[in-house]
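Peer 1: Quick one: the structure is below, questions incoming.
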Amino acid sequence: TGLSSKPLNSLIILQIISTMETQVSNGPSGTSLPNGPVISSNGATDDSKTNLIVNYLPQNMTQEEFKSLFGSIGEIESCKLVRDKITGQSLGYGFVNYVDPNDADKAINTLNGLKLQTKTIKVSYARPSSASIRDANLYVSGLPKTMSQKDMEQLFSQYGRIITSRILVDQVTAGISRGVGFIRFDKRNEAEEAIKGLNGQKPLGAAEPITVKFANNPSQKTGQALLTQLYQTAARRYTGPLHHQTQRFRLDNLLNASYGVKRFSPITIDSMTSLAGVNLTGPTGAGWCIFVYNLSPEADESVLWQLFGPFGAVTNVKVIRDFTTNKCKGFGFVTMTNYDEAAMAIASLNGYRLGDRVLQVSFKTSKQHKA
DNA sequence: TCATATT
């Protein structure tokens, strides 16, 4: 046919295939087989009960950490952290498709709202992928400062189903509206109708008209913005470690954000640093292994993610359980990628009161039981 | 005059 020698034609073929896949996955809902995937009459699998979208992931979370976190719930059929095609940067969201619909449900119940670093992740069922749900995100400006998120949703809901909405607030004055926000509709045509109906209009009782337009798409940045981003990430890589005082400040902010509690650990970072090298197992493969003692019998992996996630990159967590009762034996392990973040977590969480227990947290040593 | 929601 001559197609094989022309890259452009290959691209077209790929697009055709991808269109076919889209059509197939949007086929009629099918029948559920016992303990198996839902198969529709045309042979395609229906992922609506197993496939999740995860939003507001920390920027530095890797595919491996992502899989590790959601794999702690149950067997994963597939998962993907979505990255920018050009820069490779995480776009802050991903997909997890479980084998068992019950695990998808469990993941929503236990991981939705989990605080990781500065983010609160959102876990929900993914809508079937289709072109009609893309580019349905609107940027709204000129909103009255008194307008709440609920008010804004009420205004826009006449044009379609709203998936998310947000009003940006001033960081320093703690929560005063900046008069700008976002509305994501289920369908792009709903967003288009909302622009036609509301752009340049004055909301009831408002003094000024609002501006409604499509939001900037993060995956199609300008060349200048791309260069800026590349430069900034490169600069961060080559910047030395933050001063300890600064780290302590960041640490308190993270803790306050995550737990709403301020606490001070008697252990300083410097004393932790002096610990390094004498008694540690050291960075084994993936990172630094941390020993966590005095967990309750009911403790599970999500507790460890919640405790350590705010401090930085966590690649793995494990609760050690009794073989017969399946209850936690009182301890577990956490692996963190970066030494500084691990030391910070230990300095803050050692002596941390979790329920009626006081945790003991340290780097894992080669002979732990010898106290 | 914009945080990161459809692989």
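Each chain in the structure tokens gets a letter, A, B and so on, in the order shown; residues start at 1 in every chain, and ligands are counted from 1 in the order they appear.
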Please return, as a ChimeraX atom specification, all residues of region 23-201 of chain A that DSSP assigns to alpha helix (DSSP H) on the basis of the backbone.
Peer 2: /A:23-25,63-71,101-111,149-156,188-198
Peer 1: Residues of chain B within 7 Å of chain A, counting only C-alpha atoms (C1' of nucleotides), what are they? List them as a list in words.
Peer 2: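 Every residue meeting the condition is included here: DC2, DT4, DA5 and DT6 of chain B.
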Peer 1: Please return, as a list in words, all residues of region 304-338 of chain A that DSSP assigns to strand (DSSP E or B) on the basis of the backbone.
Peer 2: Val314, Thr315, Asn316, Val317, Lys318, Val319, Ile320, Arg321, Cys328, Lys329, Gly330, Phe331, Gly332, Phe333, Val334, Thr335 and Met336 of chain A
Peer 1: Restrict the selected residues to N, CA, C and O atoms and save them as an mmCIF file, in the first residue's frame.
Peer 2:
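selection.cif written:
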data_model
loop_
_atom_site.group_PDB
_atom_site.id
_atom_site.type_symbol
_atom_site.label_atom_id
_atom_site.label_comp_id
_atom_site.auth_asym_id
_atom_site.auth_seq_id
_atom_site.Cartn_x
_atom_site.Cartn_y
_atom_site.Cartn_z
ATOM 1 N N VAL A 314 7.312 9.100 49.519
ATOM 2 C CA VAL A 314 7.214 7.791 50.158
ATOM 3 C C VAL A 314 7.031 6.754 49.060
ATOM 4 O O VAL A 314 6.131 6.887 48.226
ATOM 5 N N THR A 315 7.911 5.745 49.015
ATOM 6 C CA THR A 315 7.790 4.764 47.941
ATOM 7 C C THR A 315 7.060 3.508 48.379
ATOM 8 O O THR A 315 6.506 2.795 47.558
ATOM 9 N N ASN A 316 7.074 3.222 49.675
ATOM 10 C CA ASN A 316 6.446 1.987 50.113
ATOM 11 C C ASN A 316 6.081 2.061 51.597
ATOM 12 O O ASN A 316 6.777 2.707 52.372
ATOM 13 N N VAL A 317 4.973 1.447 51.960
ATOM 14 C CA VAL A 317 4.624 1.299 53.377
ATOM 15 C C VAL A 317 4.199 -0.141 53.614
ATOM 16 O O VAL A 317 3.671 -0.792 52.712
ATOM 17 N N LYS A 318 4.474 -0.643 54.812
ATOM 18 C CA LYS A 318 4.055 -2.011 55.134
ATOM 19 C C LYS A 318 3.739 -2.131 56.616
ATOM 20 O O LYS A 318 4.533 -1.734 57.463
ATOM 21 N N VAL A 319 2.571 -2.677 56.887
ATOM 22 C CA VAL A 319 2.182 -3.003 58.259
ATOM 23 C C VAL A 319 2.449 -4.493 58.444
ATOM 24 O O VAL A 319 2.032 -5.307 57.612
ATOM 25 N N ILE A 320 3.171 -4.820 59.505
ATOM 26 C CA ILE A 320 3.452 -6.238 59.750
ATOM 27 C C ILE A 320 2.288 -6.848 60.528
ATOM 28 O O ILE A 320 1.904 -6.346 61.589
ATOM 29 N N ARG A 321 1.729 -7.916 59.982
ATOM 30 C CA ARG A 321 0.543 -8.528 60.586
ATOM 31 C C ARG A 321 0.817 -9.951 61.065
ATOM 32 O O ARG A 321 1.691 -10.636 60.521
ATOM 33 N N CYS A 328 -2.373 -6.183 63.069
ATOM 34 C CA CYS A 328 -1.029 -5.616 63.084
ATOM 35 C C CYS A 328 -0.287 -6.034 64.343
ATOM 36 O O CYS A 328 -0.844 -6.020 65.451
ATOM 37 N N LYS A 329 0.975 -6.432 64.167
ATOM 38 C CA LYS A 329 1.780 -6.893 65.302
ATOM 39 C C LYS A 329 2.401 -5.727 66.063
ATOM 40 O O LYS A 329 3.243 -5.925 66.926
ATOM 41 N N GLY A 330 1.994 -4.515 65.751
ATOM 42 C CA GLY A 330 2.465 -3.361 66.516
ATOM 43 C C GLY A 330 3.540 -2.559 65.815
ATOM 44 O O GLY A 330 3.967 -1.524 66.315
ATOM 45 N N PHE A 331 3.976 -3.036 64.647
ATOM 46 C CA PHE A 331 4.994 -2.251 63.945
ATOM 47 C C PHE A 331 4.867 -2.365 62.439
ATOM 48 O O PHE A 331 4.117 -3.203 61.919
ATOM 49 N N GLY A 332 5.586 -1.483 61.795
ATOM 50 C CA GLY A 332 5.565 -1.472 60.342
ATOM 51 C C GLY A 332 6.783 -0.748 59.789
ATOM 52 O O GLY A 332 7.637 -0.292 60.558
ATOM 53 N N PHE A 333 6.860 -0.659 58.478
ATOM 54 C CA PHE A 333 8.001 -0.013 57.828
ATOM 55 C C PHE A 333 7.540 0.961 56.757
ATOM 56 O O PHE A 333 6.504 0.752 56.117
ATOM 57 N N VAL A 334 8.314 2.014 56.603
ATOM 58 C CA VAL A 334 8.032 3.019 55.574
ATOM 59 C C VAL A 334 9.323 3.281 54.820
ATOM 60 O O VAL A 334 10.386 3.428 55.446
ATOM 61 N N THR A 335 9.281 3.308 53.512
ATOM 62 C CA THR A 335 10.464 3.649 52.719
ATOM 63 C C THR A 335 10.300 5.030 52.112
ATOM 64 O O THR A 335 9.287 5.306 51.460
ATOM 65 N N MET A 336 11.291 5.891 52.385
ATOM 66 C CA MET A 336 11.269 7.236 51.803
ATOM 67 C C MET A 336 12.495 7.442 50.919
ATOM 68 O O MET A 336 13.585 6.971 51.235
#
Peer 1: What does the distance between CA of Ala286 (chain A) and CA of Phe66 (chain A) come to in Å, to one decimal place?
Peer 2: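 Atom-to-atom, CA of Ala286 (chain A) to CA of Phe66 (chain A), that is 14.4 Å.
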Peer 1: What gap, in Å, lies between CA of Phe363 (chain A) and CA of Ser348 (chain A)?
Peer 2: 12.9 Å
Peer 1: I'd like the neighbourhood of region 189-197 of chain A as JSON, numbers by chain, where a residue qualifies if any of its atoms comes within 9 Å (using only C-alpha atoms (C1' of nucleotides)), though same-chain residues fewer than 4 positions away should be ignored.
Peer 2: {"A": [132, 133, 135, 136, 137, 138, 156, 157, 158, 159, 160, 161, 183, 184, 185, 201, 211, 212, 213, 214]}
